[in-house]
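Have a look at the structure below before the remarks.
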Amino acid sequence: MEFIRRQDEEPVGRVRLASGEEAWLVTRYTDIRGLLSDPRFRPWVRGTGSADGGGSLFTMSGPEHARLRRIAAKALTPRRIELVRPSLETLAAESAAKLISQGPPADVLNEYAIPLAPRRAQRTSRCPASGS
């Protein structure tokens, strides 16, 4: 409900994270698209070690980002995603259940999104998991 309220009343605003740090929360799709396409802003993920994102596709921009997106797009066709959708939904549900079971406060980025991303990529690309 808080997210919906913010979308209506305060689509861009300051929030306090579970870590105590302050951050900006952007809740509307068009605002997020505008922010991500504005060269004055760069995404930064805590723990990547540098303001350039440490080589994460999520935090990259420019020609290198475009090159890697083209490569990924070949493997992530709508047909391929539909084939793995049940597996991805199960993976997301299991990850969410684990996060919820830990109780509040929750760091969704570090305890859900970041750990989920490589597992999701492994399933969609058919690459073996690390160490196997």
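By order in the structure tokens, chains are A, B, ...; within a chain, residues start at 1; ligands start at 1, following the order shown.
If you count only C-alpha atoms and ignore residues fewer than 2 places along the chain from stretch 102-117 of chain A, what sits within 8 Å of it is A:Leu17, A:Ala18, A:Ser19, A:Leu91, A:Ala92, A:Ser95, A:Ala96, A:Lys98, A:Leu99, A:Ile100, A:Arg119, A:Arg120, A:Ala121.
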Stretch 10-104 of chain A: residues DSSP assigns to helix (DSSP H, G or I), reported as a PyMOL selection string = chain A and resi 29-37+53-55+57-59+62-75+78-101
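Using only C-alpha atoms for every distance, the candidate list A:Pro86, A:Pro78, A:Pro63, A:Gly13 yields A:Gly13 as the residue closest to A:Arg28.
One finds atom CA of A:Gly34 at 26.6 Å from atom CA of A:Ala75.
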Selection: 7 Å around A:Arg14, only C-alpha atoms, excl. self and same-chain fewer than 6 positions, as a PyMOL selection string | chain A and resi 22-25
Those same residues, written as a PDB file, in the first residue's frame with all heavy atoms?
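The result, written out as part01.pdb:
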```pdb
ATOM      1  N   GLU A  22      20.117   6.888   3.425  1.00  0.00           N
ATOM      2  CA  GLU A  22      19.036   7.505   2.674  1.00  0.00           C
ATOM      3  C   GLU A  22      19.243   7.253   1.193  1.00  0.00           C
ATOM      4  O   GLU A  22      20.371   7.136   0.718  1.00  0.00           O
ATOM      5  CB  GLU A  22      18.973   9.001   2.947  1.00  0.00           C
ATOM      6  CG  GLU A  22      18.413   9.321   4.316  1.00  0.00           C
ATOM      7  CD  GLU A  22      17.996  10.779   4.441  1.00  0.00           C
ATOM      8  OE1 GLU A  22      18.075  11.535   3.458  1.00  0.00           O
ATOM      9  OE2 GLU A  22      17.582  11.147   5.542  1.00  0.00           O
ATOM     10  N   ALA A  23      18.127   7.136   0.467  1.00  0.00           N
ATOM     11  CA  ALA A  23      18.182   6.890  -0.973  1.00  0.00           C
ATOM     12  C   ALA A  23      16.971   7.545  -1.625  1.00  0.00           C
ATOM     13  O   ALA A  23      16.040   7.967  -0.939  1.00  0.00           O
ATOM     14  CB  ALA A  23      18.174   5.389  -1.254  1.00  0.00           C
ATOM     15  N   TRP A  24      17.006   7.609  -2.943  1.00  0.00           N
ATOM     16  CA  TRP A  24      15.861   8.086  -3.708  1.00  0.00           C
ATOM     17  C   TRP A  24      15.046   6.889  -4.154  1.00  0.00           C
ATOM     18  O   TRP A  24      15.600   5.895  -4.625  1.00  0.00           O
ATOM     19  CB  TRP A  24      16.321   8.868  -4.944  1.00  0.00           C
ATOM     20  CG  TRP A  24      16.877  10.210  -4.606  1.00  0.00           C
ATOM     21  CD1 TRP A  24      18.196  10.543  -4.450  1.00  0.00           C
ATOM     22  CD2 TRP A  24      16.125  11.397  -4.373  1.00  0.00           C
ATOM     23  NE1 TRP A  24      18.302  11.866  -4.132  1.00  0.00           N
ATOM     24  CE2 TRP A  24      17.050  12.428  -4.084  1.00  0.00           C
ATOM     25  CE3 TRP A  24      14.773  11.707  -4.376  1.00  0.00           C
ATOM     26  CZ2 TRP A  24      16.657  13.724  -3.802  1.00  0.00           C
ATOM     27  CZ3 TRP A  24      14.377  13.000  -4.098  1.00  0.00           C
ATOM     28  CH2 TRP A  24      15.318  13.994  -3.810  1.00  0.00           C
ATOM     29  N   LEU A  25      13.725   6.983  -4.039  1.00  0.00           N
ATOM     30  CA  LEU A  25      12.818   5.958  -4.533  1.00  0.00           C
ATOM     31  C   LEU A  25      12.028   6.562  -5.690  1.00  0.00           C
ATOM     32  O   LEU A  25      11.375   7.596  -5.530  1.00  0.00           O
ATOM     33  CB  LEU A  25      11.857   5.494  -3.441  1.00  0.00           C
ATOM     34  CG  LEU A  25      10.786   4.482  -3.870  1.00  0.00           C
ATOM     35  CD1 LEU A  25      11.433   3.170  -4.314  1.00  0.00           C
ATOM     36  CD2 LEU A  25       9.797   4.243  -2.743  1.00  0.00           C
TER      37      LEU A  25
END
```
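Taking atom CA of A:Glu21 as the reference point, atom CA of A:Leu35 is found at 20.7 Å.
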